[in-house]
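File shown: structure_22.txt. Contents: compact mmCIF, C-alpha atoms and all ligand atoms.
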# COMPACT_ATOMS: atom_id res chain seq x y z
CA MET B 1 -23.49 -33.90 -11.11
CA PRO B 2 -23.45 -30.32 -12.39
CA GLN B 3 -21.56 -27.74 -10.38
CA ILE B 4 -23.90 -25.30 -8.60
CA ILE B 5 -22.81 -21.69 -9.01
CA SER B 6 -23.89 -18.37 -7.55
CA LEU B 7 -22.92 -15.20 -9.34
CA LEU B 8 -22.44 -11.93 -7.49
CA GLY B 9 -22.64 -9.05 -9.97
CA SER B 10 -24.12 -11.03 -12.86
CA THR B 11 -25.07 -7.90 -14.83
CA GLY B 12 -21.51 -6.52 -15.05
CA SER B 13 -18.71 -7.13 -17.53
CA ILE B 14 -17.36 -10.21 -15.71
CA GLY B 15 -20.87 -11.37 -14.74
CA THR B 16 -22.22 -11.34 -18.30
CA GLN B 17 -19.08 -13.03 -19.65
CA ALA B 18 -19.40 -15.69 -16.93
CA LEU B 19 -22.99 -16.40 -17.96
CA ASP B 20 -21.91 -16.54 -21.58
CA VAL B 21 -19.33 -19.19 -20.65
CA ILE B 22 -21.73 -21.10 -18.39
CA SER B 23 -24.42 -21.23 -21.09
CA GLY B 24 -22.05 -23.29 -23.23
CA TYR B 25 -22.01 -26.23 -20.77
CA PRO B 26 -25.62 -26.88 -19.68
CA ASP B 27 -24.75 -30.33 -18.27
CA GLU B 28 -21.83 -29.01 -16.22
CA PHE B 29 -23.20 -25.91 -14.48
CA MET B 30 -26.40 -24.92 -12.65
CA VAL B 31 -27.04 -21.37 -11.48
CA ASP B 32 -28.44 -20.99 -7.96
CA VAL B 33 -28.31 -17.23 -7.32
CA LEU B 34 -27.84 -14.16 -9.54
CA THR B 35 -27.32 -10.65 -8.15
CA ALA B 36 -27.06 -7.07 -9.42
CA GLY B 37 -26.81 -3.57 -8.01
CA ASN B 38 -29.35 -1.59 -10.05
CA ASN B 39 -29.93 -3.21 -13.39
CA ALA B 40 -33.24 -4.99 -12.68
CA GLY B 41 -34.08 -5.29 -16.38
CA LEU B 42 -31.02 -7.36 -17.25
CA LEU B 43 -31.28 -9.35 -14.03
CA ILE B 44 -34.86 -10.37 -14.96
CA LYS B 45 -33.71 -11.36 -18.45
CA GLN B 46 -30.83 -13.44 -17.06
CA ALA B 47 -33.08 -15.09 -14.48
CA LYS B 48 -35.56 -16.14 -17.19
CA GLN B 49 -32.72 -17.68 -19.19
CA PHE B 50 -30.80 -19.41 -16.36
CA HIS B 51 -33.64 -20.23 -13.89
CA PRO B 52 -31.81 -19.58 -10.62
CA ARG B 53 -33.51 -20.37 -7.30
CA ALA B 54 -33.18 -16.73 -6.22
CA VAL B 55 -32.09 -13.28 -7.39
CA VAL B 56 -31.00 -10.30 -5.30
CA ILE B 57 -30.86 -6.63 -6.27
CA GLY B 58 -28.72 -4.24 -4.16
CA ASN B 59 -30.95 -1.20 -4.55
CA LYS B 60 -34.23 -1.85 -2.70
CA ALA B 61 -36.08 0.65 -4.91
CA HIS B 62 -36.02 -1.95 -7.71
CA LEU B 63 -37.52 -4.86 -5.74
CA ASP B 64 -41.12 -4.37 -6.89
CA ASN B 65 -39.96 -4.20 -10.48
CA LEU B 66 -37.93 -7.34 -10.04
CA LYS B 67 -40.80 -9.24 -8.41
CA TYR B 68 -43.19 -8.13 -11.13
CA GLY B 69 -40.79 -9.16 -13.87
CA LEU B 70 -40.39 -12.61 -12.31
CA ARG B 71 -44.04 -13.28 -11.40
CA ASN B 72 -45.19 -16.83 -12.21
CA THR B 73 -41.57 -18.05 -12.57
CA GLY B 74 -41.13 -19.45 -9.04
CA ILE B 75 -37.84 -17.50 -8.76
CA LYS B 76 -37.55 -15.74 -5.41
CA ALA B 77 -36.54 -12.06 -5.44
CA TYR B 78 -34.81 -10.14 -2.64
CA ALA B 79 -33.19 -6.73 -2.18
CA GLY B 80 -30.54 -5.01 -0.08
CA ASP B 81 -27.09 -5.83 1.27
CA GLU B 82 -28.27 -7.89 4.24
CA GLU B 83 -30.56 -10.04 2.14
CA LEU B 84 -27.69 -10.58 -0.28
CA GLU B 85 -25.52 -11.97 2.51
CA HIS B 86 -28.38 -14.20 3.76
CA VAL B 87 -29.19 -15.57 0.34
CA ILE B 88 -25.52 -16.35 -0.35
CA SER B 89 -25.08 -18.01 3.05
CA ASP B 90 -28.21 -20.15 2.54
CA SER B 91 -27.38 -21.04 -1.06
CA GLU B 92 -26.43 -24.59 -1.95
CA SER B 93 -23.79 -23.48 -4.41
CA GLY B 94 -20.36 -25.02 -4.37
CA VAL B 95 -18.73 -21.97 -5.93
CA VAL B 96 -19.54 -18.28 -5.59
CA LEU B 97 -18.19 -16.16 -8.43
CA ALA B 98 -17.51 -12.75 -6.86
CA ALA B 99 -17.84 -10.13 -9.60
CA ILE B 100 -19.25 -7.13 -7.75
CA VAL B 101 -17.04 -4.09 -8.26
CA GLY B 102 -15.35 -2.33 -5.34
CA TYR B 103 -15.62 -2.44 -1.57
CA SER B 104 -19.31 -3.49 -1.82
CA GLY B 105 -18.08 -6.96 -2.77
CA LEU B 106 -16.30 -7.58 0.53
CA LYS B 107 -19.12 -8.59 2.84
CA PRO B 108 -20.82 -10.99 0.38
CA VAL B 109 -17.44 -12.73 -0.11
CA ILE B 110 -17.04 -13.07 3.64
CA ALA B 111 -20.58 -14.49 3.87
CA ALA B 112 -19.73 -16.99 1.12
CA ILE B 113 -16.55 -18.21 2.84
CA LYS B 114 -18.15 -18.33 6.29
CA SER B 115 -20.89 -20.58 4.91
CA GLY B 116 -18.29 -22.94 3.44
CA LYS B 117 -18.39 -21.99 -0.24
CA ASN B 118 -15.41 -21.92 -2.53
CA VAL B 119 -14.87 -18.54 -4.15
CA ALA B 120 -13.85 -17.62 -7.70
CA LEU B 121 -12.66 -14.08 -7.15
CA ALA B 122 -12.82 -11.27 -9.69
CA ASN B 123 -13.49 -8.60 -7.06
CA LYS B 124 -9.83 -7.77 -6.29
CA GLU B 125 -10.80 -4.90 -3.96
CA THR B 126 -11.89 -7.54 -1.42
CA LEU B 127 -8.32 -8.82 -1.06
CA VAL B 128 -6.83 -5.33 -1.23
CA VAL B 129 -8.95 -4.13 1.69
CA ALA B 130 -9.06 -7.26 3.84
CA GLY B 131 -6.49 -9.74 2.53
CA ASP B 132 -5.34 -10.70 5.99
CA ILE B 133 -8.86 -11.36 7.29
CA ILE B 134 -9.89 -13.25 4.14
CA THR B 135 -6.83 -15.53 4.08
CA ARG B 136 -7.26 -16.41 7.75
CA LEU B 137 -10.95 -17.10 7.24
CA LEU B 138 -10.17 -19.35 4.27
CA SER B 139 -7.76 -21.48 6.24
CA LYS B 140 -10.16 -21.69 9.19
CA LYS B 141 -13.00 -22.81 6.93
CA GLY B 142 -10.87 -24.99 4.64
CA THR B 143 -12.43 -23.46 1.54
CA SER B 144 -10.58 -22.24 -1.54
CA LEU B 145 -10.34 -18.92 -3.31
CA VAL B 146 -9.27 -19.05 -6.94
CA PRO B 147 -8.40 -15.90 -8.90
CA VAL B 148 -10.33 -14.78 -11.98
CA ASP B 149 -8.06 -11.80 -12.69
CA SER B 150 -6.08 -12.83 -15.78
CA GLU B 151 -2.63 -12.09 -14.28
CA HIS B 152 -3.37 -13.99 -11.10
CA SER B 153 -4.97 -16.84 -12.99
CA ALA B 154 -1.71 -17.03 -14.96
CA ILE B 155 0.37 -17.21 -11.79
CA PHE B 156 -2.05 -19.70 -10.23
CA GLN B 157 -1.63 -21.92 -13.30
CA CYS B 158 2.18 -21.56 -13.29
CA LEU B 159 2.29 -22.64 -9.65
CA ILE B 160 0.46 -25.93 -10.09
CA GLY B 161 2.80 -28.69 -8.95
CA GLU B 162 5.32 -26.23 -7.48
CA GLU B 163 6.41 -25.73 -3.87
CA HIS B 164 6.01 -22.30 -2.30
CA ASP B 165 9.70 -22.23 -1.34
CA SER B 166 10.65 -22.52 -5.00
CA ILE B 167 9.21 -19.11 -5.89
CA GLU B 168 11.82 -16.37 -6.17
CA LYS B 169 9.45 -13.70 -7.40
CA ILE B 170 6.59 -12.97 -9.76
CA THR B 171 6.15 -10.41 -12.54
CA LEU B 172 2.69 -9.10 -13.28
CA THR B 173 2.26 -7.90 -16.83
CA ALA B 174 0.39 -4.65 -17.52
CA SER B 175 -0.89 -3.34 -20.84
CA GLY B 176 -0.05 0.20 -19.76
CA GLY B 177 -3.55 1.32 -20.69
CA PRO B 178 -4.54 3.96 -23.25
CA PHE B 179 -2.04 6.59 -21.99
CA LEU B 180 1.15 4.57 -21.97
CA ASN B 181 2.95 6.99 -24.28
CA MET B 182 1.23 10.23 -23.33
CA SER B 183 3.15 13.06 -21.63
CA ILE B 184 2.22 14.23 -18.13
CA ASP B 185 1.15 17.57 -19.58
CA ASN B 186 -1.33 15.89 -21.90
CA LEU B 187 -2.52 13.58 -19.12
CA LYS B 188 -3.84 16.66 -17.32
CA LYS B 189 -6.31 17.21 -20.16
CA VAL B 190 -7.61 13.65 -20.44
CA LYS B 191 -11.42 13.31 -20.40
CA PRO B 192 -13.46 10.34 -19.08
CA ALA B 193 -14.32 9.25 -22.64
CA ASP B 194 -10.57 9.03 -23.50
CA ALA B 195 -9.81 7.04 -20.37
CA LEU B 196 -12.73 4.67 -20.98
CA ARG B 197 -11.17 3.53 -24.27
CA HIS B 198 -8.90 0.63 -23.27
CA PRO B 199 -6.74 -0.76 -26.10
CA ASN B 200 -7.04 -4.49 -25.29
CA TRP B 201 -9.83 -5.23 -22.83
CA SER B 202 -13.52 -4.33 -22.61
CA MET B 203 -14.38 -3.97 -18.91
CA GLY B 204 -16.58 -2.10 -16.41
CA ASP B 205 -16.02 1.66 -16.03
CA LYS B 206 -14.22 1.57 -12.69
CA ILE B 207 -11.56 -0.97 -13.67
CA THR B 208 -11.12 0.74 -17.05
CA ILE B 209 -10.22 4.01 -15.31
CA ASP B 210 -8.03 2.05 -12.88
CA SER B 211 -6.22 0.60 -15.90
CA ALA B 212 -5.65 4.07 -17.33
CA THR B 213 -4.14 5.37 -14.04
CA MET B 214 -2.42 1.99 -13.48
CA MET B 215 -4.07 1.79 -10.05
CA ASN B 216 -5.48 -1.47 -11.39
CA LYS B 217 -1.95 -2.90 -11.47
CA GLY B 218 -1.33 -1.48 -8.00
CA LEU B 219 -4.43 -3.23 -6.68
CA GLU B 220 -3.26 -6.41 -8.43
CA VAL B 221 0.15 -6.21 -6.73
CA ILE B 222 -1.62 -6.18 -3.35
CA GLU B 223 -4.03 -8.90 -4.51
CA ALA B 224 -1.02 -11.07 -5.48
CA LYS B 225 0.58 -10.69 -2.09
CA TRP B 226 -2.43 -12.28 -0.41
CA LEU B 227 -3.22 -14.88 -3.04
CA PHE B 228 0.30 -16.28 -3.24
CA ASP B 229 1.69 -15.36 0.19
CA LEU B 230 4.54 -13.18 -1.15
CA ARG B 231 6.65 -10.40 0.30
CA PRO B 232 6.33 -6.99 -1.41
CA ASP B 233 9.89 -7.28 -2.79
CA GLN B 234 8.88 -10.51 -4.57
CA ILE B 235 6.31 -8.71 -6.76
CA SER B 236 7.24 -6.64 -9.80
CA VAL B 237 5.39 -5.16 -12.77
CA THR B 238 6.38 -5.00 -16.41
CA ILE B 239 4.62 -3.18 -19.24
CA HIS B 240 3.66 -5.63 -21.97
CA PRO B 241 1.31 -3.74 -24.31
CA GLN B 242 0.36 -6.82 -26.35
CA SER B 243 -1.47 -8.38 -23.32
CA ILE B 244 -0.65 -11.90 -24.51
CA ILE B 245 1.69 -13.01 -21.73
CA HIS B 246 -0.58 -12.81 -18.70
CA SER B 247 2.22 -13.00 -16.06
CA PHE B 248 5.45 -14.76 -15.03
CA VAL B 249 6.74 -16.77 -12.09
CA HIS B 250 10.51 -16.79 -11.53
CA PHE B 251 11.81 -19.80 -9.60
CA ARG B 252 14.89 -20.11 -7.40
CA ASP B 253 16.68 -22.36 -9.89
CA GLY B 254 16.56 -19.55 -12.48
CA SER B 255 13.69 -21.06 -14.43
CA VAL B 256 10.73 -18.89 -15.45
CA LYS B 257 7.18 -19.96 -16.26
CA ALA B 258 4.57 -17.83 -18.00
CA GLN B 259 0.99 -18.36 -19.11
CA LEU B 260 -0.13 -16.98 -22.47
CA GLY B 261 -3.36 -16.56 -24.37
CA MET B 262 -5.57 -14.10 -26.17
CA PRO B 263 -6.85 -11.27 -23.96
CA ASP B 264 -10.29 -12.75 -23.30
CA MET B 265 -11.60 -12.89 -19.74
CA ARG B 266 -13.82 -15.86 -20.56
CA VAL B 267 -10.73 -18.09 -20.40
CA PRO B 268 -9.69 -17.27 -16.79
CA ILE B 269 -13.37 -17.14 -15.72
CA LEU B 270 -13.93 -20.67 -17.04
CA TYR B 271 -10.68 -21.93 -15.56
CA ALA B 272 -11.60 -20.55 -12.11
CA LEU B 273 -14.79 -22.64 -12.30
CA THR B 274 -13.30 -25.87 -13.67
CA HIS B 275 -9.70 -26.13 -12.44
CA PRO B 276 -7.74 -28.33 -12.35
CA ARG B 277 -9.72 -29.49 -15.36
CA ARG B 278 -9.87 -27.55 -18.63
CA PHE B 279 -13.06 -27.51 -20.66
CA ALA B 280 -12.87 -27.28 -24.44
CA THR B 281 -13.80 -23.88 -25.89
CA GLU B 282 -14.13 -22.37 -29.32
CA LEU B 283 -12.74 -19.02 -28.22
CA PRO B 284 -10.21 -17.25 -30.49
CA ARG B 285 -6.81 -18.98 -30.53
CA LEU B 286 -3.40 -17.40 -30.15
CA ASP B 287 -1.47 -17.48 -33.42
CA PHE B 288 2.18 -16.50 -32.92
CA ARG B 289 2.51 -15.57 -36.57
CA GLU B 290 0.33 -12.53 -35.90
CA TYR B 291 2.82 -11.16 -33.36
CA ARG B 292 6.16 -10.00 -34.66
CA SER B 293 7.42 -9.16 -31.18
CA PHE B 294 6.52 -9.15 -27.53
CA THR B 295 7.87 -6.09 -25.72
CA PHE B 296 8.54 -5.32 -22.07
CA SER B 297 9.38 -2.06 -20.31
CA GLU B 298 9.52 -0.60 -16.81
CA PRO B 299 6.43 1.32 -15.69
CA ASP B 300 6.95 5.07 -15.29
CA MET B 301 6.21 5.48 -11.58
CA LYS B 302 6.15 9.28 -11.81
CA LYS B 303 3.60 9.37 -14.56
CA PHE B 304 1.58 6.55 -13.03
CA ARG B 305 1.70 7.79 -9.43
CA SER B 306 -1.20 5.48 -8.46
CA LEU B 307 1.03 2.45 -8.96
CA SER B 308 3.73 3.75 -6.66
CA LEU B 309 1.11 4.72 -4.05
CA ALA B 310 -0.16 1.14 -4.12
CA PHE B 311 3.37 -0.22 -3.59
CA MET B 312 3.76 2.18 -0.66
CA ALA B 313 0.44 1.08 0.86
CA LEU B 314 1.48 -2.56 0.48
CA ASP B 315 4.80 -1.87 2.24
CA GLU B 316 3.12 -0.08 5.12
CA GLY B 317 0.31 -2.65 5.40
CA GLY B 318 -2.41 -2.43 8.06
CA ASN B 319 -5.31 -0.24 6.95
CA LYS B 320 -3.25 1.60 4.27
CA PRO B 321 -4.49 -0.53 1.34
CA CYS B 322 -8.06 0.00 2.62
CA ILE B 323 -7.53 3.79 2.63
CA LEU B 324 -5.92 3.59 -0.82
CA ASN B 325 -8.90 1.69 -2.20
CA ALA B 326 -11.59 3.87 -0.61
CA ALA B 327 -9.99 7.11 -1.77
CA ASN B 328 -9.45 5.66 -5.24
CA GLU B 329 -13.09 4.56 -5.57
CA THR B 330 -14.20 8.05 -4.52
CA ALA B 331 -11.76 9.80 -6.86
CA VAL B 332 -12.59 7.58 -9.86
CA ARG B 333 -16.27 8.35 -9.42
CA ALA B 334 -15.48 12.08 -9.18
CA PHE B 335 -13.36 11.88 -12.36
CA LEU B 336 -16.14 10.04 -14.23
CA SER B 337 -18.67 12.69 -13.24
CA GLY B 338 -16.37 15.48 -14.44
CA GLU B 339 -15.60 16.88 -10.97
CA ILE B 340 -11.83 16.40 -11.07
CA GLY B 341 -9.09 15.89 -13.63
CA PHE B 342 -7.30 12.64 -14.42
CA LEU B 343 -4.12 13.45 -12.50
CA GLN B 344 -6.18 14.51 -9.51
CA ILE B 345 -7.17 10.87 -8.98
CA PRO B 346 -3.73 9.90 -7.54
CA GLU B 347 -3.49 13.32 -5.90
CA THR B 348 -6.70 12.59 -3.96
CA VAL B 349 -5.52 9.09 -3.03
CA GLU B 350 -2.20 10.45 -1.78
CA TYR B 351 -3.97 13.09 0.31
CA ALA B 352 -6.20 10.43 1.90
CA LEU B 353 -3.21 8.17 2.64
CA GLU B 354 -1.44 11.03 4.40
CA ASN B 355 -4.46 12.27 6.33
CA ASN B 356 -5.99 9.17 7.85
CA LEU B 357 -5.04 7.37 11.03
CA TYR B 358 -2.75 4.37 10.51
CA LEU B 359 -3.83 1.09 12.09
CA ALA B 360 -1.32 -1.77 12.03
CA ALA B 361 -3.71 -4.69 12.53
CA PRO B 362 -7.31 -3.62 11.88
CA ASP B 363 -10.20 -6.04 12.31
CA LEU B 364 -13.22 -5.93 10.00
CA GLU B 365 -14.99 -3.29 12.07
CA ALA B 366 -11.93 -1.05 12.06
CA LEU B 367 -11.62 -1.49 8.30
CA GLU B 368 -15.21 -0.42 7.86
CA VAL B 369 -14.46 2.76 9.82
CA SER B 370 -11.24 3.34 7.83
CA ASP B 371 -13.13 2.89 4.57
CA LYS B 372 -15.75 5.49 5.55
CA GLN B 373 -13.19 7.95 6.90
CA ALA B 374 -10.99 7.67 3.81
CA ARG B 375 -14.03 8.30 1.58
CA ASP B 376 -14.85 11.41 3.66
CA THR B 377 -11.27 12.69 3.48
CA ALA B 378 -11.17 12.10 -0.27
CA ARG B 379 -14.54 13.81 -0.74
CA LYS B 380 -13.40 16.88 1.23
CA TYR B 381 -10.24 17.08 -0.85
CA ILE B 382 -12.26 16.77 -4.09
CA ASN B 383 -14.53 19.60 -2.95
CA LYS B 384 -11.44 21.73 -2.31
CA LEU B 385 -10.12 20.93 -5.79
CA LYS B 386 -13.47 21.90 -7.32
CA LYS B 387 -13.38 25.31 -5.60
CA ARG B 388 -9.88 25.88 -7.00
CA LYS B 389 -11.13 25.28 -10.58
P1 LIG B 401 -18.96 -3.83 -13.73
O1 LIG B 401 -19.10 -2.45 -13.26
O2 LIG B 401 -19.13 -4.12 -15.18
O3 LIG B 401 -20.00 -4.77 -12.95
C1 LIG B 401 -20.16 -4.69 -11.56
C2 LIG B 401 -21.28 -5.63 -11.10
O4 LIG B 401 -21.46 -5.43 -9.69
C3 LIG B 401 -22.62 -5.33 -11.74
O5 LIG B 401 -23.36 -6.52 -11.80
C4 LIG B 401 -23.26 -4.35 -10.75
O6 LIG B 401 -24.67 -4.29 -10.86
C5 LIG B 401 -22.81 -4.96 -9.45
N1 LIG B 401 -22.73 -4.00 -8.34
C6 LIG B 401 -22.09 -2.82 -8.37
N2 LIG B 401 -22.22 -2.20 -7.18
C7 LIG B 401 -22.95 -3.02 -6.40
C8 LIG B 401 -23.43 -2.93 -5.06
N3 LIG B 401 -23.17 -1.86 -4.30
N4 LIG B 401 -24.15 -3.97 -4.57
C9 LIG B 401 -24.41 -5.06 -5.34
N5 LIG B 401 -23.98 -5.19 -6.61
C10 LIG B 401 -23.27 -4.18 -7.13
O7 LIG B 401 -17.54 -4.34 -13.21
P2 LIG B 401 -16.60 -5.48 -13.85
O8 LIG B 401 -17.40 -6.68 -14.20
O9 LIG B 401 -15.72 -4.87 -14.86
O10 LIG B 401 -15.66 -5.81 -12.60
C11 LIG B 401 -16.10 -6.57 -11.50
C12 LIG B 401 -14.90 -6.92 -10.63
O11 LIG B 401 -14.02 -7.76 -11.35
C13 LIG B 401 -14.06 -5.67 -10.24
O12 LIG B 401 -13.59 -5.84 -8.95
C14 LIG B 401 -12.91 -5.70 -11.23
O13 LIG B 401 -11.74 -5.12 -10.71
C15 LIG B 401 -12.73 -7.20 -11.44
N6 LIG B 401 -12.13 -7.55 -12.72
C16 LIG B 401 -12.77 -7.21 -13.89
C17 LIG B 401 -12.21 -7.52 -15.12
C18 LIG B 401 -12.94 -7.21 -16.39
O14 LIG B 401 -12.47 -7.60 -17.46
N7 LIG B 401 -14.08 -6.53 -16.36
C19 LIG B 401 -10.90 -8.17 -15.21
C20 LIG B 401 -10.34 -8.53 -13.94
C21 LIG B 401 -10.93 -8.21 -12.74
P3 LIG B 401 -25.41 -3.27 -11.89
O15 LIG B 401 -25.07 -3.76 -13.26
O16 LIG B 401 -26.83 -3.46 -11.58
O17 LIG B 401 -24.88 -1.92 -11.61
MG MG B 402 -6.02 -8.00 -14.34

With the file now loaded, output its structure as structure tokens.
Ligand code: NDP
Ligand code: MG
Amino acid sequence: MPQIISLLGSTGSIGTQALDVISGYPDEFMVDVLTAGNNAGLLIKQAKQFHPRAVVIGNKAHLDNLKYGLRNTGIKAYAGDEELEHVISDSESGVVLAAIVGYSGLKPVIAAIKSGKNVALANKETLVVAGDIITRLLSKKGTSLVPVDSEHSAIFQCLIGEEHDSIEKITLTASGGPFLNMSIDNLKKVKPADALRHPNWSMGDKITIDSATMMNKGLEVIEAKWLFDLRPDQISVTIHPQSIIHSFVHFRDGSVKAQLGMPDMRVPILYALTHPRRFATELPRLDFREYRSFTFSEPDMKKFRSLSLAFMALDEGGNKPCILNAANETAVRAFLSGEIGFLQIPETVEYALENNLYLAAPDLEALEVSDKQARDTARKYINKLKKRK
């Protein structure tokens, strides 16, 4: 029987790569639901190729377009956040691949778990904001959540057959992004186009900026805590610009395991859908002869302030990671639209962390309030920065 899959965010970088992978195994996968935020044109094209039962578009203004594009196909079309949750809950899929970017991915993931689906998670912000709630929900429902993020997929693979007690710590590798060797003075002058040029990975805009500030690694540190049930002091980061070693697990007997491969997200995407099995692929192979050396260095926490803010938010817990994420999403958008400078992204996040009420054990409703308030605080700070310009 083919595996039935629903894809949240099918028009994005992860979504399109997932469909590329899925198209290679027509007997193994069936697509039940595809969703997008705004890109109705691509969603229609994908629906005509993969014949899902239903498609959902976030922005209701595109529903008529979507319906018109899919007339006579028998594919149902819906719009809006609530419909998205309904369609995912009602879907017959065994796995929901969560590839919406940002906080908007949280509620659909909750709907998927509540309705008993297994989740393949790319949307790290979901675990950053609500890791505690998600992990408890998973154990209540008995469903699984498997990481798509390459570092976490690496750790997940290294932990197969291991006992939790055996883990001493993990090391997440980071490419260091396009500004690894740039001085702080030059970082001040960085433009969106410079930051959008990642050396090793081609990704959506938000995560590409997060990689340049290293907030992406910070979010991944928090993501790892929840995925692998680790204490903050068990998670470290090393800069590995080659992006070939995807992460390490250090065990209590002194042994270390790593997972390696070419930097190609289609590998961890496919593994999240097929594990513990591995499907054959014809993707580019790693040839050690092409790499004279693998290098590792400590991240510069002063230069990459976002990473140290994420570690601080993880230490403090409660709603701090939610505030961190909301302020970061707001600041990244402001940077991309030319409102603030590159170094003002962490500055805005820090301001929001210091100027929002701390809650030690927020429920989902409280997190929603924290998210909104942190966005407001960040926005006010951005407006102040703009006046200073
Ligand atoms: P993209 O921006 O390329 O794609 C985001 C997808 O989500 C698009 O399909 C978009 O639709 C949809 N979307 C955005 N906002 C909403 C919304 N409010 N409601 C419904 N749908 C929405 O992002 P990526 O694919 O790069 O990243 C997706 C997630 O995966 C992120 O959390 C990222 O951190 C994570 N990830 C990505 C990696 C990568 O290589 N790209 C690697 C590891 C993790 P539309 O196209 O219509 O705007
Ligand atoms: Mg990653």

Leu357 of chain B surroundings by all atoms listed in the file, 9 Å radius, close-in-sequence under 4 positions cut, as a short mmCIF file (atom, residue, chain, number, x, y, z; two decimals) with C-alpha atoms, keeping the file's coordinate frame:
data_model
loop_
_atom_site.label_atom_id
_atom_site.label_comp_id
_atom_site.auth_asym_id
_atom_site.auth_seq_id
_atom_site.Cartn_x
_atom_site.Cartn_y
_atom_site.Cartn_z
CA ASN B 319 -5.31 -0.24 6.95
CA LEU B 353 -3.21 8.17 2.64
CA SER B 370 -11.24 3.34 7.83
#

Give me the residues near Ile133 of chain B as a VMD selection string, where near means some atom within 12 Å (using only C-alpha atoms) and where sequence neighbours in that chain fewer than 4 positions away do not count. chain B and resid 106 to 107 109 to 110 113 to 114 126 to 129 137 to 140 226 318 to 319 361 to 367

Pick from B:Leu219, B:Leu63, B:Val21, B:Ala130: nearest to ligand LIG 401 (chain B), with all atoms listed in the file counted?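 Under the stated criterion, the closest residue is B:Leu219.
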
Around ligand MG 402 (chain B), which protein and nucleic acid residues have at least one atom no more than 10 Å from it, if we count only C-alpha atoms and all ligand atoms? List them as a list in words. Ala122, Lys124, Pro147, Val148, Asp149, Ser150, Glu151, His152, Ser153, Leu172, Thr173, Ala174, Ser175, Trp201, Ile207, Ser211, Asn216, Lys217, Leu219, Glu220, Val221, His246, Ser247 and Met265 of chain B

Could you list the protein, DNA and RNA residues that have any atom within 6 Å of ligand LIG 401 (chain B), counting all atoms listed in the file, and write them as a list in words?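 Listing the residues within 6 Å of ligand LIG 401 (chain B) gives Gly9, Ser10, Thr11, Gly12, Ser13, Ile14, Gly15, Ala36, Gly37, Asn38, Asn39, Gly58, Ala99, Ile100, Val101, Gly102, Ser104, Ala122, Asn123, Lys124, Glu125, Asp149, Met203, Gly204, Asp205, Ile207 and Met265 of chain B.
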
Contacts of segment 62-165 of chain B with segment 249-260 of chain B up to 12 Å, shortest pair per row, only C-alpha atoms, as CSV:
residue,atom,partner,partner_atom,distance
B:Ser150,CA,B:Gln259,CA,9.6
B:Glu151,CA,B:Gln259,CA,8.7
B:His152,CA,B:Gln259,CA,10.1
B:Ser153,CA,B:Gln259,CA,8.7
B:Ala154,CA,B:Gln259,CA,5.1
B:Ile155,CA,B:Val249,CA,6.4
B:Phe156,CA,B:Val249,CA,9.5
B:Gln157,CA,B:Gln259,CA,7.3
B:Cys158,CA,B:Lys257,CA,6.0
B:Leu159,CA,B:Val249,CA,7.8
B:Ile160,CA,B:Lys257,CA,10.9
B:Glu162,CA,B:Phe251,CA,9.4
B:Glu163,CA,B:Phe251,CA,9.9
B:His164,CA,B:Phe251,CA,9.7
B:Asp165,CA,B:Arg252,CA,8.3

Resulting file, chosen residues, C-alpha atoms, as an mmCIF file, keeping the file's coordinate frame:
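Saved file out27.cif follows:
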data_model
loop_
_atom_site.group_PDB
_atom_site.id
_atom_site.type_symbol
_atom_site.label_atom_id
_atom_site.label_comp_id
_atom_site.auth_asym_id
_atom_site.auth_seq_id
_atom_site.Cartn_x
_atom_site.Cartn_y
_atom_site.Cartn_z
ATOM 1 C CA SER B 150 -6.080 -12.830 -15.780
ATOM 2 C CA GLU B 151 -2.630 -12.090 -14.280
ATOM 3 C CA HIS B 152 -3.370 -13.990 -11.100
ATOM 4 C CA SER B 153 -4.970 -16.840 -12.990
ATOM 5 C CA ALA B 154 -1.710 -17.030 -14.960
ATOM 6 C CA ILE B 155 0.370 -17.210 -11.790
ATOM 7 C CA PHE B 156 -2.050 -19.700 -10.230
ATOM 8 C CA GLN B 157 -1.630 -21.920 -13.300
ATOM 9 C CA CYS B 158 2.180 -21.560 -13.290
ATOM 10 C CA LEU B 159 2.290 -22.640 -9.650
ATOM 11 C CA ILE B 160 0.460 -25.930 -10.090
ATOM 12 C CA GLU B 162 5.320 -26.230 -7.480
ATOM 13 C CA GLU B 163 6.410 -25.730 -3.870
ATOM 14 C CA HIS B 164 6.010 -22.300 -2.300
ATOM 15 C CA ASP B 165 9.700 -22.230 -1.340
#

Kindly assemble as a Markdown table a list of the segment 118-234 of chain B residues that lie within 9 Å of segment 330-345 of chain B, each paired with its nearest atom pair and their distance in Å to one decimal, using all atoms listed in the file, sorted first by chain and then by ascending residue number.
| residue | atom | partner | partner_atom | distance |
| --- | --- | --- | --- | --- |
| B:Ile184 | CA | B:Leu343 | CA | 8.5 |
| B:Leu187 | CA | B:Phe342 | CA | 6.8 |
| B:Lys188 | CA | B:Leu343 | CA | 5.8 |
| B:Lys189 | CA | B:Gly341 | CA | 7.2 |
| B:Val190 | CA | B:Phe342 | CA | 6.1 |
| B:Lys191 | CA | B:Phe342 | CA | 7.3 |
| B:Pro192 | CA | B:Leu336 | CA | 5.5 |
| B:Ala193 | CA | B:Leu336 | CA | 8.6 |
| B:Ala195 | CA | B:Phe342 | CA | 8.5 |
| B:Asp205 | CA | B:Leu336 | CA | 8.6 |
| B:Lys206 | CA | B:Val332 | CA | 6.8 |
| B:Ile209 | CA | B:Val332 | CA | 6.9 |
| B:Asp210 | CA | B:Val332 | CA | 7.8 |
| B:Thr213 | CA | B:Phe342 | CA | 7.9 |
